[in-house]
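The file final-v3.pdb comes next; it holds PDB, C-alpha atoms, pLDDT in the B column.
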```pdb
ATOM      1  CA  MET A  13     -20.168  62.956   4.421  1.00 50.00           C
ATOM      2  CA  SER A  14     -19.655  63.380   0.718  1.00 61.00           C
ATOM      3  CA  ARG A  15     -18.298  66.697  -0.482  1.00 78.00           C
ATOM      4  CA  LEU A  16     -19.987  68.468  -3.353  1.00 87.00           C
ATOM      5  CA  SER A  17     -18.374  70.960  -5.665  1.00 91.00           C
ATOM      6  CA  PRO A  18     -19.313  74.590  -4.988  1.00 91.00           C
ATOM      7  CA  ALA A  19     -21.530  74.585  -8.098  1.00 94.00           C
ATOM      8  CA  ALA A  20     -23.349  71.432  -6.959  1.00 93.00           C
ATOM      9  CA  ARG A  21     -23.796  72.882  -3.452  1.00 93.00           C
ATOM     10  CA  LYS A  22     -25.328  76.029  -4.919  1.00 94.00           C
ATOM     11  CA  ALA A  23     -27.609  73.966  -7.149  1.00 95.00           C
ATOM     12  CA  LEU A  24     -28.771  71.924  -4.143  1.00 95.00           C
ATOM     13  CA  LEU A  25     -29.307  75.108  -2.115  1.00 93.00           C
ATOM     14  CA  THR A  26     -31.287  76.635  -4.985  1.00 96.00           C
ATOM     15  CA  LEU A  27     -33.455  73.526  -5.226  1.00 97.00           C
ATOM     16  CA  HIS A  28     -34.022  73.645  -1.467  1.00 95.00           C
ATOM     17  CA  LEU A  29     -35.018  77.312  -1.623  1.00 95.00           C
ATOM     18  CA  VAL A  30     -37.351  76.804  -4.585  1.00 97.00           C
ATOM     19  CA  THR A  31     -39.131  73.808  -3.052  1.00 97.00           C
ATOM     20  CA  SER A  32     -39.338  75.481   0.374  1.00 96.00           C
ATOM     21  CA  LEU A  33     -40.782  78.668  -1.053  1.00 95.00           C
ATOM     22  CA  GLY A  34     -43.202  76.600  -3.121  1.00 97.00           C
ATOM     23  CA  TRP A  35     -44.339  74.748  -0.006  1.00 97.00           C
ATOM     24  CA  LEU A  36     -44.842  78.003   1.881  1.00 97.00           C
ATOM     25  CA  GLY A  37     -46.645  79.534  -1.100  1.00 97.00           C
ATOM     26  CA  ALA A  38     -48.987  76.555  -1.443  1.00 97.00           C
ATOM     27  CA  ASP A  39     -49.627  76.760   2.304  1.00 97.00           C
ATOM     28  CA  LEU A  40     -50.564  80.427   2.012  1.00 97.00           C
ATOM     29  CA  VAL A  41     -52.873  79.640  -0.919  1.00 98.00           C
ATOM     30  CA  LEU A  42     -54.626  77.012   1.233  1.00 97.00           C
ATOM     31  CA  LEU A  43     -54.952  79.546   4.040  1.00 98.00           C
ATOM     32  CA  THR A  44     -56.425  82.063   1.603  1.00 98.00           C
ATOM     33  CA  LEU A  45     -58.921  79.500   0.343  1.00 98.00           C
ATOM     34  CA  GLY A  46     -59.841  78.600   3.909  1.00 97.00           C
ATOM     35  CA  VAL A  47     -60.484  82.224   4.819  1.00 98.00           C
ATOM     36  CA  ALA A  48     -62.474  82.723   1.597  1.00 98.00           C
ATOM     37  CA  GLY A  49     -64.584  79.662   2.439  1.00 96.00           C
ATOM     38  CA  LEU A  50     -65.339  80.966   5.924  1.00 96.00           C
ATOM     39  CA  ARG A  51     -66.222  84.389   4.525  1.00 96.00           C
ATOM     40  CA  GLY A  52     -68.861  82.972   2.220  1.00 95.00           C
ATOM     41  CA  ALA A  53     -67.099  82.198  -1.059  1.00 97.00           C
ATOM     42  CA  ASP A  54     -68.661  79.425  -3.115  1.00 97.00           C
ATOM     43  CA  ALA A  55     -67.874  76.256  -1.168  1.00 96.00           C
ATOM     44  CA  ALA A  56     -68.447  74.126  -4.260  1.00 96.00           C
ATOM     45  CA  VAL A  57     -65.441  75.893  -5.812  1.00 96.00           C
ATOM     46  CA  VAL A  58     -63.212  76.677  -2.804  1.00 97.00           C
ATOM     47  CA  TYR A  59     -62.968  73.254  -1.184  1.00 97.00           C
ATOM     48  CA  PRO A  60     -62.466  71.115  -4.304  1.00 97.00           C
ATOM     49  CA  THR A  61     -59.775  73.614  -5.349  1.00 97.00           C
ATOM     50  CA  ALA A  62     -58.086  73.213  -1.972  1.00 97.00           C
ATOM     51  CA  ALA A  63     -58.191  69.433  -2.403  1.00 97.00           C
ATOM     52  CA  LEU A  64     -56.497  69.726  -5.801  1.00 97.00           C
ATOM     53  CA  ILE A  65     -53.789  71.999  -4.403  1.00 98.00           C
ATOM     54  CA  VAL A  66     -53.136  69.664  -1.471  1.00 97.00           C
ATOM     55  CA  THR A  67     -52.976  66.606  -3.726  1.00 97.00           C
ATOM     56  CA  TYR A  68     -50.900  67.907  -6.618  1.00 97.00           C
ATOM     57  CA  LEU A  69     -48.835  70.722  -5.112  1.00 97.00           C
ATOM     58  CA  PHE A  70     -48.752  70.930  -1.316  1.00 97.00           C
ATOM     59  CA  ALA A  71     -48.118  67.275  -0.412  1.00 97.00           C
ATOM     60  CA  PRO A  72     -45.536  66.667  -3.199  1.00 97.00           C
ATOM     61  CA  LEU A  73     -43.671  69.864  -2.303  1.00 97.00           C
ATOM     62  CA  SER A  74     -43.552  68.889   1.369  1.00 97.00           C
ATOM     63  CA  VAL A  75     -41.937  65.576   0.439  1.00 98.00           C
ATOM     64  CA  ALA A  76     -39.522  67.315  -1.953  1.00 98.00           C
ATOM     65  CA  VAL A  77     -38.495  69.846   0.711  1.00 97.00           C
ATOM     66  CA  TRP A  78     -37.791  67.084   3.210  1.00 97.00           C
ATOM     67  CA  LEU A  79     -35.778  65.011   0.723  1.00 97.00           C
ATOM     68  CA  VAL A  80     -33.753  67.961  -0.560  1.00 97.00           C
ATOM     69  CA  GLY A  81     -33.169  69.181   2.996  1.00 95.00           C
ATOM     70  CA  VAL A  82     -31.853  65.802   4.101  1.00 96.00           C
ATOM     71  CA  ALA A  83     -29.646  65.613   0.991  1.00 95.00           C
ATOM     72  CA  SER A  84     -28.365  69.131   1.692  1.00 93.00           C
ATOM     73  CA  SER A  85     -27.509  68.303   5.270  1.00 91.00           C
ATOM     74  CA  LEU A  86     -25.760  65.062   4.373  1.00 92.00           C
ATOM     75  CA  LEU A  87     -23.874  66.313   1.312  1.00 92.00           C
ATOM     76  CA  THR A  88     -22.651  69.656   2.642  1.00 87.00           C
ATOM     77  CA  PRO A  89     -20.461  70.627   5.601  1.00 85.00           C
ATOM     78  CA  TRP A  90     -23.534  71.486   7.706  1.00 85.00           C
ATOM     79  CA  GLY A  91     -24.367  67.854   8.437  1.00 87.00           C
ATOM     80  CA  LEU A  92     -27.599  66.609   9.960  1.00 89.00           C
ATOM     81  CA  LEU A  93     -26.429  66.206  13.554  1.00 89.00           C
ATOM     82  CA  ARG A  94     -23.721  68.860  13.825  1.00 90.00           C
ATOM     83  CA  TRP A  95     -25.622  72.078  14.456  1.00 91.00           C
ATOM     84  CA  ARG A  96     -28.625  72.600  16.729  1.00 93.00           C
ATOM     85  CA  TRP A  97     -30.482  74.797  14.233  1.00 92.00           C
ATOM     86  CA  VAL A  98     -30.170  72.113  11.526  1.00 93.00           C
ATOM     87  CA  LEU A  99     -31.458  69.426  13.886  1.00 93.00           C
ATOM     88  CA  VAL A 100     -34.374  71.599  15.055  1.00 95.00           C
ATOM     89  CA  LYS A 101     -35.249  72.427  11.452  1.00 95.00           C
ATOM     90  CA  PHE A 102     -35.060  68.733  10.506  1.00 96.00           C
ATOM     91  CA  VAL A 103     -37.343  67.718  13.381  1.00 96.00           C
ATOM     92  CA  LEU A 104     -39.759  70.545  12.593  1.00 96.00           C
ATOM     93  CA  THR A 105     -39.894  69.649   8.899  1.00 96.00           C
ATOM     94  CA  THR A 106     -40.279  65.940   9.663  1.00 97.00           C
ATOM     95  CA  VAL A 107     -43.201  66.606  12.016  1.00 97.00           C
ATOM     96  CA  LEU A 108     -44.816  68.920   9.450  1.00 96.00           C
ATOM     97  CA  LEU A 109     -44.341  66.322   6.707  1.00 97.00           C
ATOM     98  CA  GLY A 110     -45.997  63.665   8.856  1.00 97.00           C
ATOM     99  CA  LEU A 111     -48.922  65.952   9.640  1.00 96.00           C
ATOM    100  CA  VAL A 112     -49.306  66.924   5.982  1.00 95.00           C
ATOM    101  CA  LEU A 113     -49.304  63.339   4.730  1.00 96.00           C
ATOM    102  CA  LEU A 114     -51.209  61.643   7.535  1.00 97.00           C
ATOM    103  CA  LEU A 115     -53.731  64.271   8.641  1.00 94.00           C
ATOM    104  CA  LEU A 116     -54.020  67.355   6.457  1.00 94.00           C
ATOM    105  CA  THR A 117     -54.038  65.783   3.000  1.00 96.00           C
ATOM    106  CA  PRO A 118     -56.778  63.207   3.750  1.00 96.00           C
ATOM    107  CA  ARG A 119     -58.804  65.806   5.661  1.00 95.00           C
ATOM    108  CA  ILE A 120     -58.674  68.399   2.874  1.00 96.00           C
ATOM    109  CA  ARG A 121     -59.456  65.767   0.227  1.00 97.00           C
ATOM    110  CA  GLN A 122     -62.520  64.823   2.241  1.00 96.00           C
ATOM    111  CA  LEU A 123     -63.428  68.504   2.539  1.00 96.00           C
ATOM    112  CA  GLY A 124     -63.121  68.781  -1.247  1.00 96.00           C
ATOM    113  CA  GLU A 125     -65.520  65.877  -1.714  1.00 96.00           C
ATOM    114  CA  LEU A 126     -68.021  67.393   0.716  1.00 95.00           C
ATOM    115  CA  GLY A 127     -67.863  70.862  -0.844  1.00 93.00           C
ATOM    116  CA  ALA A 128     -70.835  72.941   0.252  1.00 92.00           C
ATOM    117  CA  ALA A 129     -72.013  70.135   2.571  1.00 95.00           C
ATOM    118  CA  ALA A 130     -68.873  70.450   4.737  1.00 93.00           C
ATOM    119  CA  SER A 131     -69.431  71.199   8.399  1.00 93.00           C
ATOM    120  CA  ALA A 132     -68.045  74.318  10.058  1.00 93.00           C
ATOM    121  CA  HIS A 133     -65.435  72.149  11.803  1.00 91.00           C
ATOM    122  CA  TYR A 134     -64.038  70.952   8.461  1.00 89.00           C
ATOM    123  CA  ARG A 135     -64.064  74.511   7.121  1.00 95.00           C
ATOM    124  CA  VAL A 136     -62.138  75.833  10.118  1.00 96.00           C
ATOM    125  CA  ASP A 137     -59.525  73.105   9.599  1.00 93.00           C
ATOM    126  CA  LEU A 138     -58.618  74.730   6.279  1.00 95.00           C
ATOM    127  CA  VAL A 139     -57.747  77.913   8.158  1.00 97.00           C
ATOM    128  CA  VAL A 140     -56.125  76.617  11.337  1.00 96.00           C
ATOM    129  CA  ALA A 141     -53.835  73.980   9.802  1.00 94.00           C
ATOM    130  CA  PRO A 142     -52.304  76.245   7.124  1.00 96.00           C
ATOM    131  CA  ALA A 143     -51.961  79.097   9.635  1.00 96.00           C
ATOM    132  CA  VAL A 144     -49.991  76.873  12.010  1.00 95.00           C
ATOM    133  CA  SER A 145     -47.886  75.267   9.290  1.00 95.00           C
ATOM    134  CA  SER A 146     -47.126  78.622   7.619  1.00 96.00           C
ATOM    135  CA  THR A 147     -45.938  79.916  10.969  1.00 96.00           C
ATOM    136  CA  LEU A 148     -43.716  76.868  11.479  1.00 95.00           C
ATOM    137  CA  LEU A 149     -42.314  77.178   7.955  1.00 95.00           C
ATOM    138  CA  LEU A 150     -41.465  80.800   8.709  1.00 96.00           C
ATOM    139  CA  VAL A 151     -39.711  79.653  11.902  1.00 96.00           C
ATOM    140  CA  ALA A 152     -37.677  77.206   9.789  1.00 94.00           C
ATOM    141  CA  THR A 153     -36.790  80.076   7.451  1.00 94.00           C
ATOM    142  CA  VAL A 154     -35.608  82.191  10.386  1.00 95.00           C
ATOM    143  CA  LEU A 155     -33.498  79.278  11.634  1.00 94.00           C
ATOM    144  CA  SER A 156     -31.888  78.951   8.201  1.00 91.00           C
ATOM    145  CA  THR A 157     -31.204  82.660   8.001  1.00 91.00           C
ATOM    146  CA  TYR A 158     -29.887  83.362  11.513  1.00 93.00           C
ATOM    147  CA  LYS A 159     -28.433  79.925  12.323  1.00 91.00           C
ATOM    148  CA  PRO A 160     -28.874  80.373  16.083  1.00 92.00           C
ATOM    149  CA  TRP A 161     -27.375  78.325  18.877  1.00 86.00           C
ATOM    150  CA  GLY A 162     -24.182  76.441  18.622  1.00 83.00           C
ATOM    151  CA  ARG A 163     -22.734  73.242  17.455  1.00 87.00           C
ATOM    152  CA  LEU A 164     -23.908  69.939  18.895  1.00 83.00           C
ATOM    153  CA  ARG A 165     -20.908  68.588  20.745  1.00 72.00           C
ATOM    154  CA  ARG A 166     -20.269  64.955  21.194  1.00 67.00           C
ATOM    155  CA  PRO A 167     -18.140  63.883  24.141  1.00 56.00           C
ATOM    156  CA  GLY A 168     -14.514  63.604  23.102  1.00 59.00           C
ATOM    157  CA  THR A 169     -14.816  65.500  19.829  1.00 59.00           C
ATOM    158  CA  PRO A 170     -12.936  68.739  19.339  1.00 59.00           C
ATOM    159  CA  ALA A 171     -14.788  71.886  18.317  1.00 56.00           C
ATOM    160  CA  ARG A 172     -14.640  72.645  14.602  1.00 57.00           C
ATOM    161  CA  ARG A 173     -14.727  75.865  12.705  1.00 57.00           C
ATOM    162  CA  HIS A 174     -17.911  77.176  11.148  1.00 57.00           C
ATOM    163  CA  PRO A 175     -18.430  75.136   7.905  1.00 57.00           C
ATOM    164  CA  VAL A 176     -18.841  78.182   5.718  1.00 57.00           C
ATOM    165  CA  ALA A 177     -15.656  79.783   7.053  1.00 53.00           C
ATOM    166  CA  ALA A 178     -13.785  76.495   6.604  1.00 55.00           C
ATOM    167  CA  ALA A 179     -15.065  76.147   3.025  1.00 54.00           C
ATOM    168  CA  HIS A 180     -13.768  79.624   2.160  1.00 51.00           C
ATOM    169  CA  ARG A 181     -10.286  78.787   3.490  1.00 49.00           C
ATOM    170  CA  SER A 182      -9.855  75.705   1.305  1.00 49.00           C
TER     171      SER A 182
END
```

Using C-alpha cells, write down the structure that the file contains.
Amino acid sequence: MSRLSPAARKALLTLHLVTSLGWLGADLVLLTLGVAGLRGADAAVVYPTAALIVTYLFAPLSVAVWLVGVASSLLTPWGLLRWRWVLVKFVLTTVLLGLVLLLLTPRIRQLGELGAAASAHYRVDLVVAPAVSSTLLLVATVLSTYKPWGRLRRPGTPARRHPVAAAHRS
C-alpha cells in the first residue's frame, strides 16, 4: 500500500465524492425521465434524452467511480480487503458497474432509438433499473458514512487500530 500525503488523500476523496454524487445524480435524472415517459411525456424526446445521458454521463461516471474507489482503497489506509464495509461497497459497485455497462446502457440506447415505438416493457425498464441502482448507491453512501461491521481478520494477523485514528497519531 502506497501512502499519500494528507492533501493527496483529500483530493482523492473529493474526486470520489464528486464522481459518486454525479453517478447518483445521473441515476436520478434517468429515473425522472422514466417516470415522465410512463406518465405520458413525449417519448420522442424522453427516451433519446435518456440514451444520451446513459452514453455520455451515466456510464462514464460509473467507470470513474469504480476506478477512483479502487485507487482510494489501495492508496489510503482503508485498503480494499481490510474492512468489511469497504469490501461490501467494492462488490456492490462492481456489480452495479457490470450491470450498467452490460445491460442498462445497451438497453437504454435501444430505447432511445425506438423512441415512441418502444414497448411498455422497455419503458418500465427506465424506471425499475434506476430505482434499484439509486437505492444501491444510497446503501453504498450509508456504508461510507457509518462504516459498519469490523475489520476483516486474516488468521495470524494482529488487530490494528482504526486507520483514521492511526493517521491522526502520526

Taking 6 positions as the minimum chain separation for residues in the same chain, which residues sit within 12 Å of Pro72 of chain A when counting only C-alpha atoms? Answer as a PDB file with C-alpha atoms, in the frame of the given file.
```
ATOM      1  CA  THR A  31     -39.131  73.808  -3.052  1.00 97.00           C
ATOM      2  CA  SER A  32     -39.338  75.481   0.374  1.00 96.00           C
ATOM      3  CA  GLY A  34     -43.202  76.600  -3.121  1.00 97.00           C
ATOM      4  CA  TRP A  35     -44.339  74.748  -0.006  1.00 97.00           C
ATOM      5  CA  ALA A  38     -48.987  76.555  -1.443  1.00 97.00           C
ATOM      6  CA  LEU A  64     -56.497  69.726  -5.801  1.00 97.00           C
ATOM      7  CA  ILE A  65     -53.789  71.999  -4.403  1.00 98.00           C
ATOM      8  CA  VAL A  66     -53.136  69.664  -1.471  1.00 97.00           C
ATOM      9  CA  TRP A  78     -37.791  67.084   3.210  1.00 97.00           C
ATOM     10  CA  LEU A  79     -35.778  65.011   0.723  1.00 97.00           C
ATOM     11  CA  LEU A 109     -44.341  66.322   6.707  1.00 97.00           C
ATOM     12  CA  VAL A 112     -49.306  66.924   5.982  1.00 95.00           C
ATOM     13  CA  LEU A 113     -49.304  63.339   4.730  1.00 96.00           C
ATOM     14  CA  THR A 117     -54.038  65.783   3.000  1.00 96.00           C
TER      15      THR A 117
END
```

### Task
Specify as a PyMOL selection string each residue included when the PyMOL selection byres ((chain A and resi 121-126) around 6) is applied to this file.
chain A and resi 59-60+63+118-120+127+129-130

### Nearest candidate to Leu45 of chain A (options A:His28, A:Arg165, A:Arg135, A:Lys22; using only C-alpha atoms)
A:Arg135

### Query
Neighbours of Lys101 of chain A within 9 Å (all atoms listed in the file; same-chain residues fewer than 6 positions away dropped), as a list in words?
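Near Lys101 of chain A, the qualifying residues are Val151, Ala152, Thr153, Leu155 and Ser156 of chain A.
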
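Across the structure, atom CA of Ala55 of chain A and atom CA of Leu33 of chain A are spaced 27.2 Å apart.
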
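For the choices A:Val80, A:Leu108, A:Val41, A:Leu149, the atom-to-atom distance to Leu25 of chain A is smallest for A:Val80 when using all atoms listed in the file.
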
### Task
Kindly give the distance, in Å, that separates atom CA of Gly91 of chain A and atom CA of Thr105 of chain A, rounded to a single decimal.
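Those two atoms sit 15.6 Å apart.
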
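Atom CA of Phe70 of chain A is positioned 6.9 Å from atom CA of Asp39 of chain A.
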
### Given the PyMOL selection byres ((chain A and resi 21) around 12), the residues it picks as JSON, numbers by chain
{"A": [14, 15, 16, 17, 18, 19, 20, 22, 23, 24, 25, 26, 27, 28, 80, 81, 83, 84, 85, 86, 87, 88, 89, 90, 176, 179]}

#### Entry: Output check: residues returned by the PyMOL selection byres ((chain A and resi 137) around 10), as a PyMOL selection string
chain A and resi 43+46+116+119-120+123+132-136+138-143
